[in-house]
Amino acid sequence: MLVELGVVEQRHKAVLEVLDGANVTDVAALYGVSRKTVHKWLRRYAAEGLKGLADRSTRPAAYPHQMAPIVEARVVEMRRGHPGWGPRTIRTRLEREGVSPVPGRSSIHRALLRHGLIDPTTRKRRRSDYKRWERSRSMELWQMDVVGRFHLVDATEVKVVTGIDDHSRFCVCARTVARATARPVVEALRFALATYGVPAQILTDNGKVFTARFGTGPGPVLFDQMCAANGIRHLLTAPYSPTTTGKVERFHRTLRKEFFAPNDYRFATVAEAQAALDAWVAEYNHDRPHQSVGDRPPVERFRLAGIGLEVADELDDEPDVAPVATPRPAGVRRFVDANGRISLSSARYVVGRVFVGEPVEVVCQRGIIEILHDGVVVATHAERTRPQRGSKPAPRRAPTVAKARAASRGPAVIRIADANGVVNFAGTTYRAGRAWARQLIQVAIVAGSVQLSIDGAVIRVHPIRHDRAKEHGAFSTPNGRPRNRRGAA
């Protein structure tokens, strides 16, 4: 009959065998432990008797680096009073209060996790994935933008025109406006310039209140006029590049979390909202520690900036001479190649790979090349011309349209382009362009290429990619497949 011995009984039996004269090495091998473990059992048995052979907790007797309970209680109190404060901000506040020793950021993070005050989520992107840049001193560059989704008591949405100094993260502009049109935005800029001075540059996105780059009018807009009147260089981001103005976008995140969220649908008028926003901005600039400036308030970096400089104001509500909207001259048509470029007068201009295969309109006026896609300016370049050999420049040739050539193999056939401007010939698709969607396109084999044309004008030429053996089937249906009368009905 087998009897299972407990852990204490096995250790007691091993100790008794050693005391009866057995070799420690043989006993250790018999019970599957080391000689050091057998000697430990002998010491415990001699000091405490049978109870010394029981398992003991591995928990250390003391925690010299553990956060003091009173400090942990203060950390929890800070977080509950200010849900927007993270471990770094709480650590800075504890240091200001004179707590010694100040717990580390990771210790505060674990304390907040223990009390269920933060979610244990992982970071979406590593810090090394971000490219960070910063100007060397204050007043070199401001980043400006407009943020919305803030409401009054009567559910009226208002906007806030914001501005951040790139070097110090100092908020130079936070003006609440009923509508973010040209005039209120310029008034917000004028107030910021009168309060803090004139920066060297201002960076914005391509919003219509900031620039006429993608607008239908000739420009410049009021914001550009204000910048030019004060000698400010206005910089614009590339299209679809929100990270270029990342500092002001990050400010919007803080603004939404700490001001918009608790005050949404709270104020009755714009003036009340502006008064509360001014108080929050004062705390943000002068008291709230900012991680990007070494956990110091932004004002400590901004102190050397000039304040109260004279602001030029060249804008009138009723100008004497209204700007004349000169129509844009007619341009020439080009197709963007596989490298995202076009050719004009033996010069190459970049449009962008996103427009590969698309037709664009190229307009040249006053030495500037404007490239438009569907009526929107997508690229601007200075005109490049080849140097002339003689003193008299060669006359500019009028743009010509390539005429369709006669088919060198088989007859020309007619195909209807689909919604994406693609035709099918000999079981292979050839792109004509979205501009020719749903239109009848003539397809012909010319030498070693497939020529697509409309009304005798070439719109696209492709190298042959189809199976040459299938051309006879394509030639036998010059007008495409017969239509299903029942389906058409």
# chains A, B, ... in the order shown; residues from 1 in each chain; ligands from 1

$ residues_around --residues "stretch 223-225 of chain A" --least-positions-apart "3" --cutoff "6 Å" --atoms "only C-alpha atoms" --output "PyMOL selection string"
chain A and resi 186+210+220+228

$ write_last_selection --atoms "N, CA and C atoms" --output "PDB file, in the first residue's frame"
ATOM      1  N   VAL A 186      -8.523  87.452 -38.443  1.00  0.00           N
ATOM      2  CA  VAL A 186      -7.530  88.532 -38.507  1.00  0.00           C
ATOM      3  C   VAL A 186      -7.562  89.381 -37.238  1.00  0.00           C
ATOM      4  N   PHE A 210      -6.822  81.366 -44.106  1.00  0.00           N
ATOM      5  CA  PHE A 210      -5.398  81.646 -43.997  1.00  0.00           C
ATOM      6  C   PHE A 210      -4.743  81.929 -45.347  1.00  0.00           C
ATOM      7  N   PRO A 220      -4.528  88.164 -52.382  1.00  0.00           N
ATOM      8  CA  PRO A 220      -4.366  87.442 -51.121  1.00  0.00           C
ATOM      9  C   PRO A 220      -5.530  87.678 -50.159  1.00  0.00           C
ATOM     10  N   ALA A 228       1.761  90.399 -44.342  1.00  0.00           N
ATOM     11  CA  ALA A 228       2.622  91.228 -45.183  1.00  0.00           C
ATOM     12  C   ALA A 228       2.784  92.624 -44.615  1.00  0.00           C
TER      13      ALA A 228
END

$ select_by_dssp --residues "stretch 153-382 of chain A" --states "helix (DSSP H, G or I)" --output "ChimeraX atom specification"
/A:182-196,222-229,242-263,270-286,291-293,299-302,353-355

$ residues_around --residues "stretch 293-305 of chain A" --least-positions-apart "3" --cutoff "9 Å" --atoms "only C-alpha atoms" --output "list in words"
Arg88, Thr89, Thr92, Arg137, Ser138, Met139, Asp165, His167, Ser168, Arg169, Phe170, Cys171, Tyr196, Gly197, Tyr284, Asn285, His286, Asp287, Arg288, Pro289 and His290 of chain A

$ write_last_selection --atoms "N, CA and C atoms" --output "PDB file, in the first residue's frame"
ATOM      1  N   ARG A  88       3.742  62.320 -14.969  1.00  0.00           N
ATOM      2  CA  ARG A  88       4.788  63.343 -15.040  1.00  0.00           C
ATOM      3  C   ARG A  88       4.332  64.644 -14.381  1.00  0.00           C
ATOM      4  N   THR A  89       3.101  65.056 -14.646  1.00  0.00           N
ATOM      5  CA  THR A  89       2.592  66.289 -14.038  1.00  0.00           C
ATOM      6  C   THR A  89       2.473  66.139 -12.526  1.00  0.00           C
ATOM      7  N   THR A  92       5.842  66.498 -10.901  1.00  0.00           N
ATOM      8  CA  THR A  92       6.280  67.895 -10.830  1.00  0.00           C
ATOM      9  C   THR A  92       5.560  68.631  -9.711  1.00  0.00           C
ATOM     10  N   ARG A 137      14.672  79.831 -30.683  1.00  0.00           N
ATOM     11  CA  ARG A 137      14.319  80.866 -29.721  1.00  0.00           C
ATOM     12  C   ARG A 137      12.858  81.264 -29.921  1.00  0.00           C
ATOM     13  N   SER A 138      12.338  81.972 -28.930  1.00  0.00           N
ATOM     14  CA  SER A 138      10.951  82.416 -28.999  1.00  0.00           C
ATOM     15  C   SER A 138      10.785  83.496 -30.067  1.00  0.00           C
ATOM     16  N   MET A 139       9.555  83.633 -30.541  1.00  0.00           N
ATOM     17  CA  MET A 139       9.158  84.638 -31.519  1.00  0.00           C
ATOM     18  C   MET A 139       9.764  84.401 -32.900  1.00  0.00           C
ATOM     19  N   ASP A 165       3.601  79.512 -29.638  1.00  0.00           N
ATOM     20  CA  ASP A 165       4.989  79.805 -29.973  1.00  0.00           C
ATOM     21  C   ASP A 165       5.756  78.500 -30.099  1.00  0.00           C
ATOM     22  N   HIS A 167       8.925  77.591 -30.041  1.00  0.00           N
ATOM     23  CA  HIS A 167      10.044  77.287 -29.152  1.00  0.00           C
ATOM     24  C   HIS A 167       9.600  77.060 -27.713  1.00  0.00           C
ATOM     25  N   SER A 168       8.734  77.906 -27.204  1.00  0.00           N
ATOM     26  CA  SER A 168       8.378  77.869 -25.785  1.00  0.00           C
ATOM     27  C   SER A 168       7.060  77.181 -25.493  1.00  0.00           C
ATOM     28  N   ARG A 169       6.235  76.889 -26.488  1.00  0.00           N
ATOM     29  CA  ARG A 169       4.878  76.326 -26.341  1.00  0.00           C
ATOM     30  C   ARG A 169       3.957  77.313 -25.621  1.00  0.00           C
ATOM     31  N   PHE A 170       4.339  78.581 -25.613  1.00  0.00           N
ATOM     32  CA  PHE A 170       3.532  79.615 -24.972  1.00  0.00           C
ATOM     33  C   PHE A 170       2.323  79.905 -25.848  1.00  0.00           C
ATOM     34  N   CYS A 171       1.135  79.924 -25.246  1.00  0.00           N
ATOM     35  CA  CYS A 171      -0.089  80.208 -25.989  1.00  0.00           C
ATOM     36  C   CYS A 171      -0.179  81.714 -26.221  1.00  0.00           C
ATOM     37  N   TYR A 196       1.818  90.425 -27.655  1.00  0.00           N
ATOM     38  CA  TYR A 196       3.098  89.739 -27.477  1.00  0.00           C
ATOM     39  C   TYR A 196       4.162  90.161 -28.482  1.00  0.00           C
ATOM     40  N   GLY A 197       3.829  90.908 -29.497  1.00  0.00           N
ATOM     41  CA  GLY A 197       4.825  91.324 -30.464  1.00  0.00           C
ATOM     42  C   GLY A 197       4.646  90.633 -31.791  1.00  0.00           C
ATOM     43  N   TYR A 284      -2.303  77.830 -17.973  1.00  0.00           N
ATOM     44  CA  TYR A 284      -1.518  77.003 -18.897  1.00  0.00           C
ATOM     45  C   TYR A 284      -0.135  77.621 -19.136  1.00  0.00           C
ATOM     46  N   ASN A 285      -0.075  78.936 -19.305  1.00  0.00           N
ATOM     47  CA  ASN A 285       1.191  79.591 -19.623  1.00  0.00           C
ATOM     48  C   ASN A 285       2.102  79.772 -18.421  1.00  0.00           C
ATOM     49  N   HIS A 286       1.524  80.064 -17.242  1.00  0.00           N
ATOM     50  CA  HIS A 286       2.329  80.496 -16.107  1.00  0.00           C
ATOM     51  C   HIS A 286       2.452  79.472 -14.988  1.00  0.00           C
ATOM     52  N   ASP A 287       1.608  78.432 -14.964  1.00  0.00           N
ATOM     53  CA  ASP A 287       1.652  77.515 -13.825  1.00  0.00           C
ATOM     54  C   ASP A 287       1.751  76.055 -14.242  1.00  0.00           C
ATOM     55  N   ARG A 288       1.089  75.686 -15.299  1.00  0.00           N
ATOM     56  CA  ARG A 288       1.035  74.266 -15.692  1.00  0.00           C
ATOM     57  C   ARG A 288       2.373  73.827 -16.270  1.00  0.00           C
ATOM     58  N   PRO A 289       2.999  72.762 -15.740  1.00  0.00           N
ATOM     59  CA  PRO A 289       4.270  72.292 -16.305  1.00  0.00           C
ATOM     60  C   PRO A 289       4.045  71.654 -17.666  1.00  0.00           C
ATOM     61  N   HIS A 290       4.965  71.924 -18.581  1.00  0.00           N
ATOM     62  CA  HIS A 290       4.863  71.393 -19.937  1.00  0.00           C
ATOM     63  C   HIS A 290       5.993  70.397 -20.159  1.00  0.00           C
TER      64      HIS A 290
END

$ residues_around --residues "A:Ile368" --least-positions-apart "4" --cutoff "12 Å" --atoms "only C-alpha atoms" --output "JSON, numbers by chain"
{"A": [349, 362, 363, 364, 379, 380, 381, 382, 383, 384, 385]}

$ closest_residue --among "A:Leu452, A:Asn230, A:Ala417, A:Val270" --to "A:Arg438" --atoms "only C-alpha atoms"
A:Ala417

$ atom_distance --atom1 "atom CA of A:Cys173" --atom2 "atom CA of A:Pro218"
28.0 Å

$ atom_distance --atom1 "atom CA of A:Met67" --atom2 "atom CA of A:Gly84"
22.1 Å

$ residues_around --residues "A:Gly207" --least-positions-apart "3" --cutoff "12 Å" --atoms "only C-alpha atoms" --output "ChimeraX atom specification"
/A:144-147,180-182,185,203-204,210-215,221,223-224,236-240,242

$ write_last_selection --atoms "N, CA and C atoms" --output "JSON list (two decimals), in the first residue's frame"
[["chain", "number", "residue", "atom", "x", "y", "z"],
["A", 144, "MET", "N", -0.50, 78.57, -35.94],
["A", 144, "MET", "CA", -1.87, 79.02, -35.71],
["A", 144, "MET", "C", -2.85, 78.08, -36.41],
["A", 145, "ASP", "N", -4.04, 77.98, -35.81],
["A", 145, "ASP", "CA", -5.09, 77.12, -36.36],
["A", 145, "ASP", "C", -6.42, 77.54, -35.76],
["A", 146, "VAL", "N", -7.48, 76.86, -36.16],
["A", 146, "VAL", "CA", -8.83, 77.09, -35.65],
["A", 146, "VAL", "C", -9.38, 75.76, -35.16],
["A", 147, "VAL", "N", -9.96, 75.75, -33.96],
["A", 147, "VAL", "CA", -10.53, 74.54, -33.38],
["A", 147, "VAL", "C", -11.99, 74.80, -33.05],
["A", 180, "ALA", "N", -15.60, 81.44, -37.63],
["A", 180, "ALA", "CA", -14.18, 81.57, -37.98],
["A", 180, "ALA", "C", -14.04, 82.02, -39.42],
["A", 181, "THR", "N", -14.55, 83.21, -39.73],
["A", 181, "THR", "CA", -14.40, 83.79, -41.05],
["A", 181, "THR", "C", -13.15, 84.67, -41.09],
["A", 182, "ALA", "N", -12.91, 85.29, -42.23],
["A", 182, "ALA", "CA", -11.66, 86.02, -42.43],
["A", 182, "ALA", "C", -11.47, 87.14, -41.42],
["A", 185, "VAL", "N", -10.79, 86.03, -37.66],
["A", 185, "VAL", "CA", -9.48, 85.41, -37.53],
["A", 185, "VAL", "C", -8.38, 86.47, -37.57],
["A", 203, "LEU", "N", 3.15, 79.80, -39.16],
["A", 203, "LEU", "CA", 2.88, 78.57, -39.89],
["A", 203, "LEU", "C", 1.41, 78.19, -39.71],
["A", 204, "THR", "N", 0.71, 77.95, -40.80],
["A", 204, "THR", "CA", -0.69, 77.54, -40.76],
["A", 204, "THR", "C", -0.92, 76.42, -41.78],
["A", 210, "PHE", "N", -6.82, 81.37, -44.11],
["A", 210, "PHE", "CA", -5.40, 81.65, -44.00],
["A", 210, "PHE", "C", -4.74, 81.93, -45.35],
["A", 211, "THR", "N", -5.24, 81.32, -46.42],
["A", 211, "THR", "CA", -4.56, 81.46, -47.71],
["A", 211, "THR", "C", -5.55, 81.25, -48.84],
["A", 212, "ALA", "N", -5.21, 81.81, -49.99],
["A", 212, "ALA", "CA", -5.99, 81.59, -51.21],
["A", 212, "ALA", "C", -5.35, 80.53, -52.09],
["A", 213, "ARG", "N", -4.48, 79.70, -51.50],
["A", 213, "ARG", "CA", -3.73, 78.72, -52.28],
["A", 213, "ARG", "C", -4.65, 77.76, -53.03],
["A", 214, "PHE", "N", -5.71, 77.28, -52.35],
["A", 214, "PHE", "CA", -6.64, 76.35, -52.98],
["A", 214, "PHE", "C", -8.02, 76.98, -53.17],
["A", 215, "GLY", "N", -8.10, 78.29, -53.04],
["A", 215, "GLY", "CA", -9.37, 78.96, -53.21],
["A", 215, "GLY", "C", -9.64, 79.32, -54.66],
["A", 221, "VAL", "N", -5.71, 86.77, -49.19],
["A", 221, "VAL", "CA", -6.78, 86.91, -48.23],
["A", 221, "VAL", "C", -6.34, 87.89, -47.14],
["A", 223, "PHE", "N", -5.74, 87.48, -44.01],
["A", 223, "PHE", "CA", -4.67, 86.98, -43.14],
["A", 223, "PHE", "C", -3.31, 87.22, -43.78],
["A", 224, "ASP", "N", -3.20, 86.94, -45.08],
["A", 224, "ASP", "CA", -1.95, 87.21, -45.79],
["A", 224, "ASP", "C", -1.63, 88.70, -45.81],
["A", 236, "LEU", "N", 3.10, 77.76, -45.17],
["A", 236, "LEU", "CA", 1.96, 76.87, -45.32],
["A", 236, "LEU", "C", 2.43, 75.42, -45.30],
["A", 237, "THR", "N", 1.60, 74.54, -44.75],
["A", 237, "THR", "CA", 1.93, 73.13, -44.73],
["A", 237, "THR", "C", 1.62, 72.51, -46.09],
["A", 238, "ALA", "N", 2.19, 71.33, -46.32],
["A", 238, "ALA", "CA", 1.82, 70.58, -47.52],
["A", 238, "ALA", "C", 0.41, 70.03, -47.34],
["A", 239, "PRO", "N", -0.31, 69.78, -48.43],
["A", 239, "PRO", "CA", -1.66, 69.22, -48.29],
["A", 239, "PRO", "C", -1.64, 67.89, -47.56],
["A", 240, "TYR", "N", -2.65, 67.68, -46.72],
["A", 240, "TYR", "CA", -2.82, 66.44, -45.97],
["A", 240, "TYR", "C", -1.60, 66.15, -45.08],
["A", 242, "PRO", "N", -1.08, 67.08, -41.37],
["A", 242, "PRO", "CA", -1.41, 67.72, -40.09],
["A", 242, "PRO", "C", -0.28, 67.69, -39.08]]

$ select_by_dssp --residues "stretch 163-322 of chain A" --states "strand (DSSP E or B)" --output "number ranges by chain"
A: 163-165, 171-177, 201-204, 233-236, 290, 296

$ decode --residues "stretch 184-323 of chain A" --atoms "C-alpha atoms" --output "PDB file, in the first residue's frame"
ATOM      1  CA  PRO A 184     -12.605  87.468 -36.866  1.00  0.00           C
ATOM      2  CA  VAL A 185      -9.477  85.410 -37.532  1.00  0.00           C
ATOM      3  CA  VAL A 186      -7.530  88.532 -38.507  1.00  0.00           C
ATOM      4  CA  GLU A 187      -8.846  90.344 -35.420  1.00  0.00           C
ATOM      5  CA  ALA A 188      -7.536  87.470 -33.281  1.00  0.00           C
ATOM      6  CA  LEU A 189      -4.134  87.757 -34.977  1.00  0.00           C
ATOM      7  CA  ARG A 190      -4.103  91.536 -34.478  1.00  0.00           C
ATOM      8  CA  PHE A 191      -4.835  91.106 -30.757  1.00  0.00           C
ATOM      9  CA  ALA A 192      -2.002  88.562 -30.403  1.00  0.00           C
ATOM     10  CA  LEU A 193       0.475  90.822 -32.205  1.00  0.00           C
ATOM     11  CA  ALA A 194      -0.465  93.804 -30.052  1.00  0.00           C
ATOM     12  CA  THR A 195      -0.088  91.728 -26.868  1.00  0.00           C
ATOM     13  CA  TYR A 196       3.098  89.739 -27.477  1.00  0.00           C
ATOM     14  CA  GLY A 197       4.825  91.324 -30.464  1.00  0.00           C
ATOM     15  CA  VAL A 198       5.470  90.434 -34.081  1.00  0.00           C
ATOM     16  CA  PRO A 199       7.038  87.027 -34.844  1.00  0.00           C
ATOM     17  CA  ALA A 200       9.345  86.373 -37.763  1.00  0.00           C
ATOM     18  CA  GLN A 201       7.146  83.653 -39.269  1.00  0.00           C
ATOM     19  CA  ILE A 202       3.671  82.147 -38.881  1.00  0.00           C
ATOM     20  CA  LEU A 203       2.879  78.570 -39.888  1.00  0.00           C
ATOM     21  CA  THR A 204      -0.695  77.537 -40.759  1.00  0.00           C
ATOM     22  CA  ASP A 205      -2.501  74.893 -42.744  1.00  0.00           C
ATOM     23  CA  ASN A 206      -4.215  75.609 -46.069  1.00  0.00           C
ATOM     24  CA  GLY A 207      -7.566  76.755 -44.669  1.00  0.00           C
ATOM     25  CA  LYS A 208      -9.390  79.344 -46.741  1.00  0.00           C
ATOM     26  CA  VAL A 209      -9.210  81.895 -43.916  1.00  0.00           C
ATOM     27  CA  PHE A 210      -5.398  81.646 -43.997  1.00  0.00           C
ATOM     28  CA  THR A 211      -4.557  81.459 -47.707  1.00  0.00           C
ATOM     29  CA  ALA A 212      -5.991  81.593 -51.208  1.00  0.00           C
ATOM     30  CA  ARG A 213      -3.727  78.716 -52.276  1.00  0.00           C
ATOM     31  CA  PHE A 214      -6.636  76.354 -52.981  1.00  0.00           C
ATOM     32  CA  GLY A 215      -9.373  78.961 -53.215  1.00  0.00           C
ATOM     33  CA  THR A 216     -11.231  80.167 -56.263  1.00  0.00           C
ATOM     34  CA  GLY A 217     -10.386  83.853 -55.765  1.00  0.00           C
ATOM     35  CA  PRO A 218      -7.202  85.610 -56.844  1.00  0.00           C
ATOM     36  CA  GLY A 219      -6.050  86.435 -53.294  1.00  0.00           C
ATOM     37  CA  PRO A 220      -4.366  87.442 -51.121  1.00  0.00           C
ATOM     38  CA  VAL A 221      -6.780  86.908 -48.225  1.00  0.00           C
ATOM     39  CA  LEU A 222      -6.956  89.222 -45.198  1.00  0.00           C
ATOM     40  CA  PHE A 223      -4.672  86.984 -43.141  1.00  0.00           C
ATOM     41  CA  ASP A 224      -1.945  87.207 -45.786  1.00  0.00           C
ATOM     42  CA  GLN A 225      -2.416  90.965 -45.972  1.00  0.00           C
ATOM     43  CA  MET A 226      -1.988  91.271 -42.215  1.00  0.00           C
ATOM     44  CA  CYS A 227       1.200  89.193 -42.296  1.00  0.00           C
ATOM     45  CA  ALA A 228       2.622  91.228 -45.183  1.00  0.00           C
ATOM     46  CA  ALA A 229       1.803  94.527 -43.462  1.00  0.00           C
ATOM     47  CA  ASN A 230       3.838  93.460 -40.403  1.00  0.00           C
ATOM     48  CA  GLY A 231       6.725  91.847 -42.287  1.00  0.00           C
ATOM     49  CA  ILE A 232       5.759  88.325 -41.218  1.00  0.00           C
ATOM     50  CA  ARG A 233       6.631  85.434 -43.495  1.00  0.00           C
ATOM     51  CA  HIS A 234       3.556  83.223 -43.834  1.00  0.00           C
ATOM     52  CA  LEU A 235       4.425  79.508 -44.147  1.00  0.00           C
ATOM     53  CA  LEU A 236       1.955  76.868 -45.324  1.00  0.00           C
ATOM     54  CA  THR A 237       1.930  73.128 -44.734  1.00  0.00           C
ATOM     55  CA  ALA A 238       1.824  70.578 -47.520  1.00  0.00           C
ATOM     56  CA  PRO A 239      -1.663  69.220 -48.292  1.00  0.00           C
ATOM     57  CA  TYR A 240      -2.817  66.441 -45.965  1.00  0.00           C
ATOM     58  CA  SER A 241       0.099  66.976 -43.537  1.00  0.00           C
ATOM     59  CA  PRO A 242      -1.409  67.724 -40.090  1.00  0.00           C
ATOM     60  CA  THR A 243       1.768  66.696 -38.250  1.00  0.00           C
ATOM     61  CA  THR A 244       3.600  69.756 -39.613  1.00  0.00           C
ATOM     62  CA  THR A 245       1.545  71.903 -37.222  1.00  0.00           C
ATOM     63  CA  GLY A 246       1.768  69.214 -34.563  1.00  0.00           C
ATOM     64  CA  LYS A 247       2.434  71.588 -31.664  1.00  0.00           C
ATOM     65  CA  VAL A 248      -0.776  73.555 -32.070  1.00  0.00           C
ATOM     66  CA  GLU A 249      -2.669  70.302 -32.754  1.00  0.00           C
ATOM     67  CA  ARG A 250      -1.308  68.903 -29.473  1.00  0.00           C
ATOM     68  CA  PHE A 251      -2.424  72.100 -27.776  1.00  0.00           C
ATOM     69  CA  HIS A 252      -5.925  71.459 -29.135  1.00  0.00           C
ATOM     70  CA  ARG A 253      -5.900  68.052 -27.469  1.00  0.00           C
ATOM     71  CA  THR A 254      -5.084  69.611 -24.108  1.00  0.00           C
ATOM     72  CA  LEU A 255      -7.621  72.384 -24.700  1.00  0.00           C
ATOM     73  CA  ARG A 256     -10.384  69.880 -25.445  1.00  0.00           C
ATOM     74  CA  LYS A 257      -9.539  67.691 -22.472  1.00  0.00           C
ATOM     75  CA  GLU A 258      -9.044  70.350 -19.810  1.00  0.00           C
ATOM     76  CA  PHE A 259     -11.320  73.209 -20.957  1.00  0.00           C
ATOM     77  CA  PHE A 260     -13.830  72.103 -23.599  1.00  0.00           C
ATOM     78  CA  ALA A 261     -14.897  68.871 -21.888  1.00  0.00           C
ATOM     79  CA  PRO A 262     -15.838  70.349 -18.480  1.00  0.00           C
ATOM     80  CA  ASN A 263     -17.253  73.603 -19.907  1.00  0.00           C
ATOM     81  CA  ASP A 264     -19.199  72.453 -22.969  1.00  0.00           C
ATOM     82  CA  TYR A 265     -22.804  73.826 -22.999  1.00  0.00           C
ATOM     83  CA  ARG A 266     -22.021  75.883 -19.896  1.00  0.00           C
ATOM     84  CA  PHE A 267     -21.620  79.527 -20.958  1.00  0.00           C
ATOM     85  CA  ALA A 268     -24.449  81.709 -22.212  1.00  0.00           C
ATOM     86  CA  THR A 269     -22.411  84.156 -24.314  1.00  0.00           C
ATOM     87  CA  VAL A 270     -19.140  84.297 -26.179  1.00  0.00           C
ATOM     88  CA  ALA A 271     -17.864  86.900 -23.712  1.00  0.00           C
ATOM     89  CA  GLU A 272     -18.377  84.534 -20.766  1.00  0.00           C
ATOM     90  CA  ALA A 273     -16.616  81.738 -22.607  1.00  0.00           C
ATOM     91  CA  GLN A 274     -13.713  84.072 -23.466  1.00  0.00           C
ATOM     92  CA  ALA A 275     -13.303  85.166 -19.831  1.00  0.00           C
ATOM     93  CA  ALA A 276     -13.108  81.553 -18.656  1.00  0.00           C
ATOM     94  CA  LEU A 277     -10.738  80.682 -21.505  1.00  0.00           C
ATOM     95  CA  ASP A 278      -8.431  83.581 -20.584  1.00  0.00           C
ATOM     96  CA  ALA A 279      -8.181  82.230 -17.024  1.00  0.00           C
ATOM     97  CA  TRP A 280      -7.362  78.755 -18.292  1.00  0.00           C
ATOM     98  CA  VAL A 281      -4.722  80.091 -20.713  1.00  0.00           C
ATOM     99  CA  ALA A 282      -3.099  82.085 -17.890  1.00  0.00           C
ATOM    100  CA  GLU A 283      -2.811  78.889 -15.831  1.00  0.00           C
ATOM    101  CA  TYR A 284      -1.518  77.003 -18.897  1.00  0.00           C
ATOM    102  CA  ASN A 285       1.191  79.591 -19.623  1.00  0.00           C
ATOM    103  CA  HIS A 286       2.329  80.496 -16.107  1.00  0.00           C
ATOM    104  CA  ASP A 287       1.652  77.515 -13.825  1.00  0.00           C
ATOM    105  CA  ARG A 288       1.035  74.266 -15.692  1.00  0.00           C
ATOM    106  CA  PRO A 289       4.270  72.292 -16.305  1.00  0.00           C
ATOM    107  CA  HIS A 290       4.863  71.393 -19.937  1.00  0.00           C
ATOM    108  CA  GLN A 291       6.628  68.136 -20.764  1.00  0.00           C
ATOM    109  CA  SER A 292       8.285  69.462 -23.943  1.00  0.00           C
ATOM    110  CA  VAL A 293      10.028  72.314 -22.105  1.00  0.00           C
ATOM    111  CA  GLY A 294      11.467  70.238 -19.266  1.00  0.00           C
ATOM    112  CA  ASP A 295       8.333  70.156 -17.066  1.00  0.00           C
ATOM    113  CA  ARG A 296       8.460  73.929 -16.675  1.00  0.00           C
ATOM    114  CA  PRO A 297       5.735  76.472 -17.419  1.00  0.00           C
ATOM    115  CA  PRO A 298       6.000  77.844 -20.984  1.00  0.00           C
ATOM    116  CA  VAL A 299       6.417  81.401 -19.671  1.00  0.00           C
ATOM    117  CA  GLU A 300       9.918  80.563 -18.415  1.00  0.00           C
ATOM    118  CA  ARG A 301      11.051  80.070 -22.018  1.00  0.00           C
ATOM    119  CA  PHE A 302       8.999  82.927 -23.394  1.00  0.00           C
ATOM    120  CA  ARG A 303      10.276  85.631 -21.024  1.00  0.00           C
ATOM    121  CA  LEU A 304      12.908  86.928 -23.439  1.00  0.00           C
ATOM    122  CA  ALA A 305      10.349  87.605 -26.183  1.00  0.00           C
ATOM    123  CA  GLY A 306       9.609  91.246 -27.024  1.00  0.00           C
ATOM    124  CA  ILE A 307       6.170  92.373 -25.843  1.00  0.00           C
ATOM    125  CA  GLY A 308       4.012  95.263 -26.904  1.00  0.00           C
ATOM    126  CA  LEU A 309       5.560  96.043 -30.275  1.00  0.00           C
ATOM    127  CA  GLU A 310       3.727  98.360 -32.638  1.00  0.00           C
ATOM    128  CA  VAL A 311       1.467  96.500 -35.036  1.00  0.00           C
ATOM    129  CA  ALA A 312       0.898  97.702 -38.577  1.00  0.00           C
ATOM    130  CA  ASP A 313      -2.729  97.718 -39.600  1.00  0.00           C
ATOM    131  CA  GLU A 314      -3.296  98.109 -43.300  1.00  0.00           C
ATOM    132  CA  LEU A 315      -6.799  96.604 -43.348  1.00  0.00           C
ATOM    133  CA  ASP A 316      -9.931  98.682 -43.782  1.00  0.00           C
ATOM    134  CA  ASP A 317     -13.492  97.482 -43.518  1.00  0.00           C
ATOM    135  CA  GLU A 318     -14.300  99.488 -46.650  1.00  0.00           C
ATOM    136  CA  PRO A 319     -11.189  99.803 -48.814  1.00  0.00           C
ATOM    137  CA  ASP A 320     -11.069 102.651 -51.292  1.00  0.00           C
ATOM    138  CA  VAL A 321     -10.132 100.350 -54.151  1.00  0.00           C
ATOM    139  CA  ALA A 322     -11.716  96.957 -54.240  1.00  0.00           C
ATOM    140  CA  PRO A 323      -9.469  94.146 -55.425  1.00  0.00           C
TER     141      PRO A 323
END
